[in-house]
$ cat upload.cif   # mmCIF, C-alpha atoms
data_run
loop_
_atom_site.label_atom_id
_atom_site.label_comp_id
_atom_site.auth_asym_id
_atom_site.auth_seq_id
_atom_site.Cartn_x
_atom_site.Cartn_y
_atom_site.Cartn_z
CA MET Q 1 -34.68 -13.91 39.08
CA LYS Q 2 -36.21 -12.47 42.26
CA ILE Q 3 -37.95 -14.91 44.59
CA LYS Q 4 -41.14 -13.48 46.05
CA LYS Q 5 -40.83 -12.17 49.60
CA THR Q 6 -42.62 -14.99 51.40
CA ARG Q 7 -42.35 -15.60 55.10
CA TYR Q 8 -39.20 -17.67 55.64
CA ARG Q 9 -37.58 -16.79 52.35
CA SER Q 10 -34.03 -16.30 53.61
CA LEU Q 11 -34.13 -19.42 55.77
CA LEU Q 12 -35.43 -21.52 52.89
CA LEU Q 13 -32.79 -20.13 50.55
CA THR Q 14 -29.99 -20.92 53.01
CA VAL Q 15 -31.19 -24.45 53.63
CA THR Q 16 -31.61 -25.11 49.91
CA PHE Q 17 -28.14 -23.72 49.26
CA PHE Q 18 -26.55 -26.02 51.80
CA PHE Q 19 -28.43 -29.11 50.75
CA VAL Q 20 -28.04 -28.62 47.02
CA VAL Q 21 -24.71 -26.86 46.58
CA ALA Q 22 -22.66 -27.76 49.63
CA ALA Q 23 -23.61 -31.43 49.66
CA HIS Q 24 -23.05 -31.78 45.92
CA PRO Q 25 -20.27 -34.21 45.00
CA LEU Q 26 -18.54 -31.46 43.01
CA SER Q 27 -18.16 -29.30 46.11
CA ALA Q 28 -16.33 -31.99 48.01
CA ALA Q 29 -14.06 -32.59 45.02
CA GLU Q 30 -13.32 -36.08 46.23
CA ASP Q 31 -11.50 -36.80 42.99
CA SER Q 32 -8.00 -35.47 43.73
CA HIS Q 33 -9.14 -32.33 45.59
CA ARG Q 34 -9.98 -30.08 42.62
CA THR Q 35 -11.99 -26.90 42.99
CA TRP Q 36 -14.31 -25.33 40.45
CA LEU Q 37 -11.37 -23.21 39.26
CA LYS Q 38 -10.03 -26.40 37.67
CA PRO Q 39 -10.39 -25.14 34.06
CA ILE Q 40 -8.18 -22.14 34.83
CA SER Q 41 -5.41 -24.19 36.40
CA ASP Q 42 -5.48 -26.68 33.53
CA LEU Q 43 -4.37 -24.05 31.04
CA PRO Q 44 -1.07 -25.00 29.36
CA LEU Q 45 1.00 -22.34 31.18
CA LEU Q 46 -0.34 -23.13 34.65
CA LYS Q 47 -0.47 -26.90 34.34
CA ASP Q 48 3.18 -27.33 35.31
CA LEU Q 49 2.70 -25.38 38.54
CA GLN Q 50 0.25 -27.86 40.05
CA SER Q 51 1.74 -29.58 43.08
CA ALA Q 52 0.14 -32.41 45.01
CA THR Q 53 1.99 -32.14 48.34
CA TRP Q 54 -0.76 -30.54 50.38
CA HIS Q 55 -3.64 -31.75 48.21
CA GLN Q 56 -4.27 -28.41 46.52
CA PRO Q 57 -3.43 -28.46 42.80
CA ASP Q 58 -5.48 -25.30 42.20
CA LEU Q 59 -3.50 -23.21 44.67
CA ILE Q 60 -2.50 -20.34 42.36
CA PRO Q 61 -5.93 -19.76 40.75
CA ASN Q 62 -7.45 -19.84 44.26
CA THR Q 63 -5.05 -17.19 45.53
CA TYR Q 64 -5.53 -14.90 42.55
CA PHE Q 65 -9.28 -15.36 42.80
CA VAL Q 66 -9.13 -13.95 46.33
CA VAL Q 67 -6.92 -11.08 45.18
CA LEU Q 68 -9.33 -10.28 42.34
CA ILE Q 69 -12.34 -10.32 44.64
CA LEU Q 70 -10.59 -8.07 47.17
CA ILE Q 71 -9.62 -5.56 44.48
CA VAL Q 72 -13.11 -5.48 42.99
CA LEU Q 73 -14.81 -5.22 46.38
CA PHE Q 74 -12.66 -2.42 47.75
CA SER Q 75 -12.57 -0.40 44.55
CA LEU Q 76 -16.34 -0.54 44.30
CA ALA Q 77 -16.71 0.44 47.96
CA THR Q 78 -14.41 3.46 47.72
CA ARG Q 79 -15.93 4.96 44.58
CA ASN Q 80 -17.88 8.00 45.80
CA LEU Q 81 -16.46 8.72 49.23
CA LYS Q 82 -18.17 11.53 51.08
CA ARG Q 83 -16.85 13.39 54.10
CA LEU Q 84 -19.97 12.59 56.12
CA PRO Q 85 -20.97 9.12 54.97
CA ASP Q 86 -24.62 8.56 54.21
CA SER Q 87 -24.47 5.22 52.44
CA LYS Q 88 -24.45 1.85 54.15
CA GLY Q 89 -21.39 0.65 52.25
CA GLN Q 90 -19.16 3.52 53.24
CA THR Q 91 -20.24 3.41 56.88
CA LEU Q 92 -19.54 -0.29 57.06
CA LEU Q 93 -16.15 0.15 55.41
CA GLU Q 94 -15.23 2.99 57.78
CA LEU Q 95 -16.29 0.92 60.79
CA PHE Q 96 -14.18 -2.01 59.64
CA THR Q 97 -11.09 0.03 58.73
CA ALA Q 98 -11.27 2.29 61.78
CA SER Q 99 -11.41 -0.65 64.17
CA ILE Q 100 -8.34 -2.22 62.53
CA ILE Q 101 -6.41 1.07 62.57
CA ASN Q 102 -7.32 1.75 66.22
CA PHE Q 103 -6.43 -1.72 67.38
CA PHE Q 104 -3.04 -1.95 65.69
CA GLY Q 105 -2.30 1.69 66.40
CA ASP Q 106 -2.74 1.06 70.13
CA ILE Q 107 -0.20 -1.74 70.03
CA LEU Q 108 2.33 0.03 67.83
CA GLY Q 109 2.31 3.18 69.94
CA ASP Q 110 2.83 6.76 68.83
CA HIS Q 111 6.05 6.12 66.98
CA GLY Q 112 4.79 3.08 65.18
CA LYS Q 113 1.40 4.44 64.15
CA LYS Q 114 2.63 5.14 60.64
CA TYR Q 115 3.26 1.43 60.12
CA VAL Q 116 -0.29 0.35 60.93
CA TRP Q 117 -0.88 -0.54 57.28
CA PHE Q 118 1.57 -3.47 57.51
CA PRO Q 119 -0.20 -5.72 60.02
CA GLY Q 120 -3.58 -4.38 58.87
CA SER Q 121 -3.02 -5.55 55.30
CA PHE Q 122 -1.86 -8.92 56.54
CA PHE Q 123 -5.03 -9.21 58.60
CA ILE Q 124 -7.41 -8.47 55.73
CA PHE Q 125 -5.52 -10.67 53.26
CA ILE Q 126 -5.13 -13.69 55.53
CA LEU Q 127 -8.73 -13.40 56.70
CA SER Q 128 -9.98 -13.54 53.10
CA LEU Q 129 -7.64 -16.43 52.27
CA ASN Q 130 -8.83 -18.43 55.29
CA TYR Q 131 -12.50 -17.83 54.59
CA LEU Q 132 -12.22 -19.05 51.00
CA GLY Q 133 -12.15 -22.60 52.33
CA LEU Q 134 -15.64 -22.25 53.74
CA ILE Q 135 -17.18 -21.63 50.33
CA PRO Q 136 -18.36 -24.98 48.97
CA GLY Q 137 -16.27 -25.86 45.96
CA LEU Q 138 -13.15 -23.88 46.90
CA GLN Q 139 -10.14 -24.49 49.12
CA ALA Q 140 -8.22 -22.12 51.37
CA PRO Q 141 -4.82 -21.20 49.91
CA THR Q 142 -3.42 -20.96 53.43
CA ALA Q 143 -3.97 -24.71 53.80
CA ASP Q 144 -0.74 -25.07 51.84
CA LEU Q 145 2.64 -24.63 53.54
CA ASN Q 146 4.00 -22.68 50.55
CA THR Q 147 1.53 -19.82 51.00
CA THR Q 148 2.03 -19.52 54.73
CA LEU Q 149 5.80 -19.75 54.46
CA ALA Q 150 5.73 -16.93 51.90
CA LEU Q 151 3.55 -14.86 54.22
CA GLY Q 152 5.84 -15.55 57.20
CA VAL Q 153 9.00 -14.63 55.29
CA THR Q 154 7.33 -11.46 53.98
CA ALA Q 155 6.34 -10.49 57.52
CA LEU Q 156 9.90 -11.11 58.73
CA ILE Q 157 11.49 -9.09 55.91
CA GLY Q 158 8.98 -6.27 56.44
CA VAL Q 159 9.66 -6.11 60.18
CA HIS Q 160 13.42 -5.92 59.57
CA ILE Q 161 13.09 -3.24 56.89
CA ILE Q 162 10.94 -1.18 59.27
CA ALA Q 163 13.54 -1.73 61.99
CA ILE Q 164 16.36 -0.50 59.75
CA LYS Q 165 14.30 2.52 58.72
CA GLU Q 166 13.60 3.46 62.34
CA ASN Q 167 16.92 2.72 64.01
CA GLY Q 168 19.45 3.04 61.19
CA VAL Q 169 21.77 0.19 60.29
CA VAL Q 170 24.04 0.69 63.33
CA GLY Q 171 21.18 0.74 65.82
CA TYR Q 172 19.62 -2.27 64.12
CA LEU Q 173 22.83 -4.28 64.47
CA LYS Q 174 23.26 -3.11 68.08
CA HIS Q 175 19.89 -4.67 68.84
CA PHE Q 176 21.24 -8.04 67.78
CA ILE Q 177 24.29 -7.80 70.00
CA GLY Q 178 22.29 -7.35 73.18
CA ASP Q 179 22.98 -5.57 76.45
CA PRO Q 180 26.45 -6.58 77.68
CA TRP Q 181 28.51 -5.90 74.58
CA TRP Q 182 31.14 -8.48 75.49
CA LEU Q 183 28.53 -11.25 75.09
CA GLY Q 184 27.92 -9.99 71.54
CA PRO Q 185 29.48 -12.87 69.56
CA LEU Q 186 27.35 -15.30 71.57
CA MET Q 187 24.07 -13.42 71.33
CA PHE Q 188 24.35 -12.51 67.65
CA PRO Q 189 23.73 -16.00 66.19
CA LEU Q 190 21.12 -16.66 68.90
CA HIS Q 191 19.16 -13.57 67.89
CA ILE Q 192 19.40 -14.45 64.20
CA VAL Q 193 18.09 -17.96 64.81
CA GLY Q 194 15.39 -16.46 67.00
CA GLU Q 195 14.22 -14.20 64.20
CA LEU Q 196 14.12 -17.11 61.73
CA ALA Q 197 12.20 -19.16 64.29
CA ARG Q 198 9.66 -16.34 64.55
CA ALA Q 199 9.00 -16.45 60.81
CA GLY Q 200 8.79 -20.24 60.85
CA SER Q 201 6.43 -20.31 63.81
CA LEU Q 202 4.13 -17.75 62.18
CA ALA Q 203 4.00 -19.88 59.04
CA ILE Q 204 3.49 -23.26 60.74
CA ARG Q 205 0.87 -21.98 63.18
CA LEU Q 206 -1.28 -20.57 60.37
CA PHE Q 207 -0.72 -23.61 58.13
CA GLY Q 208 -1.44 -26.20 60.81
CA ASN Q 209 -4.68 -24.62 61.95
CA ILE Q 210 -6.16 -24.01 58.51
CA TYR Q 211 -4.99 -27.35 57.07
CA GLY Q 212 -6.53 -29.18 60.01
CA GLU Q 213 -9.83 -27.35 59.56
CA GLU Q 214 -9.87 -28.05 55.84
CA THR Q 215 -9.14 -31.74 56.37
CA VAL Q 216 -11.93 -32.07 58.93
CA ILE Q 217 -14.40 -30.28 56.64
CA PHE Q 218 -13.33 -32.51 53.75
CA GLN Q 219 -13.75 -35.75 55.68
CA LEU Q 220 -17.12 -34.63 57.06
CA THR Q 221 -18.30 -33.80 53.55
CA LEU Q 222 -17.24 -37.27 52.39
CA LEU Q 223 -19.49 -38.75 55.10
CA GLY Q 224 -22.64 -37.16 53.76
CA LEU Q 225 -21.95 -37.29 50.03
CA GLY Q 226 -23.98 -40.38 49.18
CA ILE Q 227 -27.14 -39.11 50.83
CA TRP Q 228 -26.82 -35.42 49.75
CA PHE Q 229 -26.72 -34.23 53.37
CA PRO Q 230 -24.44 -31.32 54.34
CA THR Q 231 -22.64 -33.00 57.24
CA GLN Q 232 -19.90 -30.38 57.23
CA PHE Q 233 -22.26 -27.61 58.32
CA PRO Q 234 -21.33 -27.39 62.07
CA MET Q 235 -17.62 -27.37 61.23
CA LEU Q 236 -18.07 -24.29 59.04
CA PHE Q 237 -18.86 -22.21 62.14
CA PHE Q 238 -15.64 -23.36 63.77
CA GLY Q 239 -13.95 -22.45 60.49
CA LEU Q 240 -15.32 -18.90 60.82
CA PHE Q 241 -13.97 -18.55 64.35
CA GLY Q 242 -10.66 -20.30 63.74
CA GLY Q 243 -9.90 -18.46 60.50
CA PHE Q 244 -10.51 -15.09 62.14
CA LEU Q 245 -8.40 -16.04 65.16
CA GLN Q 246 -5.41 -17.19 63.10
CA ALA Q 247 -5.43 -14.08 60.92
CA PHE Q 248 -5.70 -11.97 64.08
CA VAL Q 249 -2.82 -13.77 65.83
CA PHE Q 250 -0.57 -13.53 62.74
CA SER Q 251 -1.01 -9.78 62.35
CA LEU Q 252 -0.86 -9.19 66.12
CA LEU Q 253 2.47 -11.02 66.37
CA THR Q 254 3.83 -9.05 63.39
CA SER Q 255 2.93 -5.78 65.10
CA ILE Q 256 4.49 -6.99 68.38
CA TYR Q 257 7.71 -7.84 66.53
CA ILE Q 258 7.71 -4.29 65.11
CA VAL Q 259 7.28 -2.92 68.63
CA THR Q 260 10.29 -4.87 69.95
CA PHE Q 261 12.45 -3.07 67.39
CA LEU Q 262 10.89 0.34 68.04
CA GLU Q 263 11.52 0.48 71.78
CA HIS Q 264 14.21 3.14 71.56
CA GLY Q 265 11.91 5.74 70.06
CA ASP Q 266 9.63 6.34 73.03
CA GLU Q 267 12.06 8.36 75.16
CA HIS Q 268 12.56 10.95 72.40
CA GLY Q 269 8.81 11.44 72.11
CA ALA Q 270 8.40 12.06 75.84
CA GLU Q 271 11.30 14.53 75.90
CA ALA Q 272 10.05 16.42 72.86
CA HIS Q 273 6.73 17.11 74.60
CA HIS Q 274 8.45 18.90 77.51
CA MET M 1 10.27 -55.21 63.21
CA ILE M 2 11.25 -53.38 66.36
CA TYR M 3 11.64 -50.29 64.16
CA LEU M 4 8.04 -50.58 62.99
CA ALA M 5 6.77 -51.11 66.53
CA VAL M 6 8.65 -48.12 67.91
CA LEU M 7 7.60 -46.02 64.89
CA ALA M 8 3.96 -46.85 65.54
CA PHE M 9 4.35 -45.86 69.19
CA GLY M 10 6.07 -42.62 68.26
CA VAL M 11 3.50 -41.64 65.68
CA THR M 12 0.50 -42.35 67.90
CA LEU M 13 1.79 -41.10 71.25
CA GLY M 14 3.50 -37.90 70.16
CA LEU M 15 0.43 -35.76 69.59
CA PRO M 16 -1.64 -36.88 72.62
CA ILE M 17 1.24 -36.16 75.01
CA ALA M 18 1.53 -32.65 73.56
CA VAL M 19 -2.22 -32.24 73.91
CA ILE M 20 -2.18 -33.28 77.59
CA PHE M 21 0.34 -30.63 78.59
CA ALA M 22 -1.10 -27.95 76.31
CA SER M 23 -4.63 -28.43 77.63
CA THR M 24 -3.36 -28.17 81.22
CA ALA M 25 -1.60 -24.92 80.38
CA GLN M 26 -4.63 -23.54 78.55
CA GLY M 27 -6.90 -24.44 81.46
CA LYS M 28 -4.60 -22.57 83.84
CA ALA M 29 -4.51 -19.52 81.57
CA THR M 30 -8.29 -19.45 81.16
CA SER M 31 -8.95 -19.86 84.89
CA THR M 32 -6.61 -16.99 85.76
CA ALA M 33 -8.27 -14.83 83.11
CA LEU M 34 -11.70 -15.65 84.53
CA GLU M 35 -10.54 -14.73 88.04
CA GLY M 36 -9.29 -11.41 86.70
CA ILE M 37 -12.60 -10.72 85.00
CA ALA M 38 -14.49 -11.60 88.18
CA ARG M 39 -12.39 -9.18 90.20
CA GLN M 40 -12.68 -6.30 87.69
CA PRO M 41 -15.50 -6.63 85.18
CA GLU M 42 -14.66 -3.34 83.46
CA ALA M 43 -11.35 -4.76 82.19
CA THR M 44 -13.15 -7.66 80.50
CA SER M 45 -12.25 -6.86 76.88
CA GLN M 46 -8.55 -6.34 77.60
CA ILE M 47 -8.31 -9.52 79.66
CA GLN M 48 -10.23 -11.44 77.00
CA THR M 49 -7.90 -10.25 74.24
CA ALA M 50 -4.81 -11.21 76.23
CA MET M 51 -6.31 -14.61 77.04
CA ILE M 52 -7.11 -15.36 73.40
CA ILE M 53 -3.57 -14.43 72.37
CA GLY M 54 -2.11 -16.67 75.08
CA LEU M 55 -4.34 -19.60 74.07
CA ALA M 56 -3.40 -19.23 70.40
CA LEU M 57 0.32 -19.24 71.24
CA ILE M 58 0.01 -22.38 73.39
CA GLU M 59 -2.09 -24.06 70.72
CA SER M 60 0.57 -23.38 68.10
CA LEU M 61 2.93 -25.74 69.92
CA VAL M 62 0.37 -28.52 69.55
CA ILE M 63 0.14 -27.65 65.86
CA TYR M 64 3.89 -28.21 65.50
CA SER M 65 3.37 -31.69 66.93
CA LEU M 66 0.48 -32.27 64.52
CA LEU M 67 2.78 -31.31 61.65
CA MET M 68 5.28 -33.91 62.82
CA PHE M 69 2.47 -36.45 62.87
CA PHE M 70 1.61 -35.67 59.26
CA LEU M 71 5.24 -36.00 58.25
CA LEU M 72 5.67 -39.36 60.00
CA MET M 73 2.30 -40.76 58.91
CA GLY M 74 3.65 -41.41 55.43
CA LYS M 75 6.29 -43.78 56.79
CA LEU M 76 3.84 -46.26 58.25
CA PRO M 77 3.17 -49.40 56.17
CA ASP M 78 -0.18 -49.55 54.43
CA SER M 79 -1.55 -52.92 55.49
CA VAL M 80 -0.77 -56.17 57.31
CA SER M 81 0.53 -57.83 54.12
CA ASP M 82 3.09 -55.05 53.72
CA VAL M 83 4.28 -55.65 57.28
CA GLU M 84 4.58 -59.40 56.58
CA LYS M 85 6.61 -58.66 53.45
CA LEU M 86 8.92 -56.39 55.42
CA ILE M 87 9.41 -59.03 58.12
CA LYS M 88 10.17 -61.71 55.49
CA ALA M 89 12.68 -59.40 53.77
CA GLU M 90 14.41 -58.75 57.08
CA ALA M 91 14.48 -62.50 57.86
CA THR M 92 16.09 -63.32 54.49
CA VAL M 93 18.71 -60.59 55.00
CA GLN M 94 19.59 -62.04 58.41
CA THR M 95 19.91 -65.61 57.04
CA HIS M 96 22.18 -64.31 54.25
CA GLU M 97 24.37 -62.60 56.85
CA ASN M 98 24.55 -65.81 58.95
#

$ encode --input "upload.cif" --output "structure tokens"
Amino acid sequence: MKIKKTRYRSLLLTVTFFFVVAAHPLSAAEDSHRTWLKPISDLPLLKDLQSATWHQPDLIPNTYFVVLILIVLFSLATRNLKRLPDSKGQTLLELFTASIINFFGDILGDHGKKYVWFPGSFFIFILSLNYLGLIPGLQAPTADLNTTLALGVTALIGVHIIAIKENGVVGYLKHFIGDPWWLGPLMFPLHIVGELARAGSLAIRLFGNIYGEETVIFQLTLLGLGIWFPTQFPMLFFGLFGGFLQAFVFSLLTSIYIVTFLEHGDEHGAEAHH
Amino acid sequence: MIYLAVLAFGVTLGLPIAVIFASTAQGKATSTALEGIARQPEATSQIQTAMIIGLALIESLVIYSLLMFFLLMGKLPDSVSDVEKLIKAEATVQTHEN
């Protein structure tokens, strides 16, 4: 169904989309916060996993929807890769991936460049999760503390595994004891609690921001439901900015935590060059 | 009844106090970043990145306070009749003790 290329076609299509789809009562899901993936999460196996704590019973179908879309998108984009790209898709993908690799590679340094996939994957995944909330009829999975806690714990475990790989178990434990070795028994529990606090702060920062955005968008949609007016439209732009910023800060902090464990490697690199 | 009054104060004043101090800190950070950009415009992107990171970290402390607000909001009574019922229940308990 192709609409004829009249003058303001794209503008008219956008406005119609927002007034018809976004202001539709089904998009706001004012009856117990359900999304249009409701039939999937009402299947007999998944019905027991619905939890009402953060008003998102369709959490698991939402998350797997994002995963499915990411898999489909990236496998379609990397089908016929050429050495000198001549298609728009491959150029765009290379631009996107190269900027991520350059940015996190700068922070991680020469010795950490091989771990650039870790914060990079977090960035792409959390960005897609955050942006799902802007689509009318869906909710962001990161607006639930369970998702963000899982992401924070995964980041923490990943950082520590990378630290053990780089420094060995002895060097890794030495890092916890701190500089004057006789203060070791004091600093050891402090460092452990500090690491747990890092994971918790990553989780709560991401959760608080996205949950607040989602709640504001929800309440604004409720305002304009009766008159079919998309009152949540200005907030969606803030959702674009805020979602990007939170994904960026999460992955940036993960890469900084990796750098704090990698600090011993730089002297060897400088000596090897001479 | 004093418990309900103090709870209401705690729930409503916690977040704004956090916001006051956080906004002061963010204003200071932004003004210093702007001064740096004015002195050396070619370092704009680096200064901007560092400023955004600093602002996000300060804002996360306000988000912790918002989380506490959400947790405490459930403990407030729903309406005036609920408050009257609670006061009557406390009054009957005190007369039983006396």

$ resolve_selection --input "upload.cif" --expression "the PyMOL selection byres ((chain M) within 7 of (chain Q))" --output "list in words"
Ile53, Ser60, Ile63, Tyr64 and Leu67 of chain M

$ write_last_selection --input "upload.cif" --atoms "C-alpha atoms" --output "PDB file, in the frame of the given file"
ATOM      1  CA  ILE M  53      -3.570 -14.430  72.370  1.00  0.00           C
ATOM      2  CA  SER M  60       0.570 -23.380  68.100  1.00  0.00           C
ATOM      3  CA  ILE M  63       0.140 -27.650  65.860  1.00  0.00           C
ATOM      4  CA  TYR M  64       3.890 -28.210  65.500  1.00  0.00           C
ATOM      5  CA  LEU M  67       2.780 -31.310  61.650  1.00  0.00           C
TER       6      LEU M  67
END

$ axis_aligned_box --input "upload.cif" --around "range 206-212 of chain Q" --padding-each-side "4 Å" --output "JSON"
{"center_x": -3.6, "center_y": -24.9, "center_z": 59.5, "size_x": 13.8, "size_y": 16.6, "size_z": 12.9}

$ resolve_selection --input "upload.cif" --expression "the PyMOL selection byres ((chain M and resi 70) around 12)" --output "PDB file with C-alpha atoms, in the coordinates of the input"
ATOM      1  CA  THR Q  53       1.990 -32.140  48.340  1.00  0.00           C
ATOM      2  CA  TRP Q  54      -0.760 -30.540  50.380  1.00  0.00           C
ATOM      3  CA  GLY Q 208      -1.440 -26.200  60.810  1.00  0.00           C
ATOM      4  CA  TYR Q 211      -4.990 -27.350  57.070  1.00  0.00           C
ATOM      5  CA  GLY Q 212      -6.530 -29.180  60.010  1.00  0.00           C
ATOM      6  CA  THR Q 215      -9.140 -31.740  56.370  1.00  0.00           C
TER       7      THR Q 215
ATOM      8  CA  VAL M  11       3.500 -41.640  65.680  1.00  0.00           C
ATOM      9  CA  THR M  12       0.500 -42.350  67.900  1.00  0.00           C
ATOM     10  CA  GLY M  14       3.500 -37.900  70.160  1.00  0.00           C
ATOM     11  CA  LEU M  15       0.430 -35.760  69.590  1.00  0.00           C
ATOM     12  CA  ILE M  63       0.140 -27.650  65.860  1.00  0.00           C
ATOM     13  CA  TYR M  64       3.890 -28.210  65.500  1.00  0.00           C
ATOM     14  CA  SER M  65       3.370 -31.690  66.930  1.00  0.00           C
ATOM     15  CA  LEU M  66       0.480 -32.270  64.520  1.00  0.00           C
ATOM     16  CA  LEU M  67       2.780 -31.310  61.650  1.00  0.00           C
ATOM     17  CA  MET M  68       5.280 -33.910  62.820  1.00  0.00           C
ATOM     18  CA  PHE M  69       2.470 -36.450  62.870  1.00  0.00           C
ATOM     19  CA  LEU M  71       5.240 -36.000  58.250  1.00  0.00           C
ATOM     20  CA  LEU M  72       5.670 -39.360  60.000  1.00  0.00           C
ATOM     21  CA  MET M  73       2.300 -40.760  58.910  1.00  0.00           C
ATOM     22  CA  GLY M  74       3.650 -41.410  55.430  1.00  0.00           C
ATOM     23  CA  LYS M  75       6.290 -43.780  56.790  1.00  0.00           C
ATOM     24  CA  LEU M  76       3.840 -46.260  58.250  1.00  0.00           C
TER      25      LEU M  76
END

$ atom_distance --input "upload.cif" --atom1 "CA of Met51 in chain M" --atom2 "CA of Ala29 in chain M"
6.9 Å

$ resolve_selection --input "upload.cif" --expression "the PyMOL selection byres ((chain Q and resi 175-182) around 12)" --output "list in words"
His160, Ala163, Ile164, Asn167, Gly168, Val169, Val170, Gly171, Tyr172, Leu173, Lys174, Leu183, Gly184, Pro185, Leu186, Met187, Phe188, Pro189, Leu190, His191, Ile192, Val193, Gly194, Glu195, Thr260, Phe261, Leu262, Glu263 and His264 of chain Q

$ closest_residue --input "upload.cif" --among "M:Ile58, M:Met1, M:Ala43, M:Ile17" --to "Ala91 in chain M" --atoms "all atoms listed in the file"
M:Met1

$ atom_distance --input "upload.cif" --atom1 "CA of Ala22 in chain Q" --atom2 "CA of Leu43 in chain Q"
26.3 Å

$ residues_around --input "upload.cif" --residues "Leu86 in chain M" --least-positions-apart "3" --cutoff "12 Å" --atoms "only C-alpha atoms" --output "VMD selection string"
chain M and resid 1 to 4 76 to 83 89 to 93

$ atom_distance --input "upload.cif" --atom1 "CA of Leu134 in chain Q" --atom2 "CA of Val67 in chain Q"
16.6 Å

$ residues_around --input "upload.cif" --residues "range 230-236 of chain Q" --least-positions-apart "3" --cutoff "8 Å" --atoms "all atoms listed in the file" --output "list in words"
Phe18, Phe19, Ala22, Ala23, Leu134, Glu213, Val216, Ile217, Phe218, Leu220, Thr221, Leu223, Gly224, Leu225, Gly239 and Leu240 of chain Q

$ write_last_selection --input "upload.cif" --atoms "C-alpha atoms" --output "PDB file, in the coordinates of the input"
ATOM      1  CA  PHE Q  18     -26.550 -26.020  51.800  1.00  0.00           C
ATOM      2  CA  PHE Q  19     -28.430 -29.110  50.750  1.00  0.00           C
ATOM      3  CA  ALA Q  22     -22.660 -27.760  49.630  1.00  0.00           C
ATOM      4  CA  ALA Q  23     -23.610 -31.430  49.660  1.00  0.00           C
ATOM      5  CA  LEU Q 134     -15.640 -22.250  53.740  1.00  0.00           C
ATOM      6  CA  GLU Q 213      -9.830 -27.350  59.560  1.00  0.00           C
ATOM      7  CA  VAL Q 216     -11.930 -32.070  58.930  1.00  0.00           C
ATOM      8  CA  ILE Q 217     -14.400 -30.280  56.640  1.00  0.00           C
ATOM      9  CA  PHE Q 218     -13.330 -32.510  53.750  1.00  0.00           C
ATOM     10  CA  LEU Q 220     -17.120 -34.630  57.060  1.00  0.00           C
ATOM     11  CA  THR Q 221     -18.300 -33.800  53.550  1.00  0.00           C
ATOM     12  CA  LEU Q 223     -19.490 -38.750  55.100  1.00  0.00           C
ATOM     13  CA  GLY Q 224     -22.640 -37.160  53.760  1.00  0.00           C
ATOM     14  CA  LEU Q 225     -21.950 -37.290  50.030  1.00  0.00           C
ATOM     15  CA  GLY Q 239     -13.950 -22.450  60.490  1.00  0.00           C
ATOM     16  CA  LEU Q 240     -15.320 -18.900  60.820  1.00  0.00           C
TER      17      LEU Q 240
END

$ residues_around --input "upload.cif" --residues "range 137-144 of chain Q" --least-positions-apart "6" --cutoff "8 Å" --atoms "all atoms listed in the file" --output "NGL selection string"
:Q and (22 or 26-29 or 35-37 or 54 or 56 or 59-60 or 62-63 or 126 or 129-131 or 206-208 or 210-211 or 214)

$ closest_residue --input "upload.cif" --among "Q:Ser10, Q:Arg198, Q:Pro136, Q:Thr91" --to "Leu57 in chain M" --atoms "all atoms listed in the file"
Q:Arg198

$ residues_near_point --input "upload.cif" --point "(7.3, -11.9, 60.8)" --cutoff "6 Å" --atoms "only C-alpha atoms" --output "list in words"
Gly152, Ala155, Leu156, Ala199 and Thr254 of chain Q

$ closest_residue --input "upload.cif" --among "Q:Ile124, Q:Leu11, Q:Ile157, Q:Ile135" --to "Ile71 in chain Q" --atoms "only C-alpha atoms"
Q:Ile124

$ residues_around --input "upload.cif" --residues "Thr32 in chain M" --least-positions-apart "4" --cutoff "12 Å" --atoms "only C-alpha atoms" --output "list in words"
Ala25, Gln26, Gly27, Lys28, Gly36, Ile37, Ala38, Arg39, Ile47, Gln48, Ala50, Met51 and Gly54 of chain M

$ build_atoms --input "upload.cif" --residues "range 56-63 of chain M" --atoms "N, CA and C atoms" --output "PDB file, keeping the file's coordinate frame"
ATOM      1  N   ALA M  56      -3.847 -18.938  71.772  1.00  0.00           N
ATOM      2  CA  ALA M  56      -3.400 -19.230  70.400  1.00  0.00           C
ATOM      3  C   ALA M  56      -1.926 -19.597  70.373  1.00  0.00           C
ATOM      4  N   LEU M  57      -1.117 -18.935  71.238  1.00  0.00           N
ATOM      5  CA  LEU M  57       0.320 -19.240  71.240  1.00  0.00           C
ATOM      6  C   LEU M  57       0.570 -20.644  71.790  1.00  0.00           C
ATOM      7  N   ILE M  58      -0.178 -21.032  72.838  1.00  0.00           N
ATOM      8  CA  ILE M  58       0.010 -22.380  73.390  1.00  0.00           C
ATOM      9  C   ILE M  58      -0.445 -23.411  72.375  1.00  0.00           C
ATOM     10  N   GLU M  59      -1.567 -23.095  71.683  1.00  0.00           N
ATOM     11  CA  GLU M  59      -2.090 -24.060  70.720  1.00  0.00           C
ATOM     12  C   GLU M  59      -1.125 -24.258  69.561  1.00  0.00           C
ATOM     13  N   SER M  60      -0.331 -23.229  69.240  1.00  0.00           N
ATOM     14  CA  SER M  60       0.570 -23.380  68.100  1.00  0.00           C
ATOM     15  C   SER M  60       1.603 -24.449  68.356  1.00  0.00           C
ATOM     16  N   LEU M  61       1.965 -24.685  69.632  1.00  0.00           N
ATOM     17  CA  LEU M  61       2.930 -25.740  69.920  1.00  0.00           C
ATOM     18  C   LEU M  61       2.342 -27.116  69.623  1.00  0.00           C
ATOM     19  N   VAL M  62       1.024 -27.261  69.900  1.00  0.00           N
ATOM     20  CA  VAL M  62       0.370 -28.520  69.550  1.00  0.00           C
ATOM     21  C   VAL M  62       0.330 -28.698  68.047  1.00  0.00           C
ATOM     22  N   ILE M  63       0.194 -27.564  67.320  1.00  0.00           N
ATOM     23  CA  ILE M  63       0.140 -27.650  65.860  1.00  0.00           C
ATOM     24  C   ILE M  63       1.475 -28.118  65.309  1.00  0.00           C
TER      25      ILE M  63
END
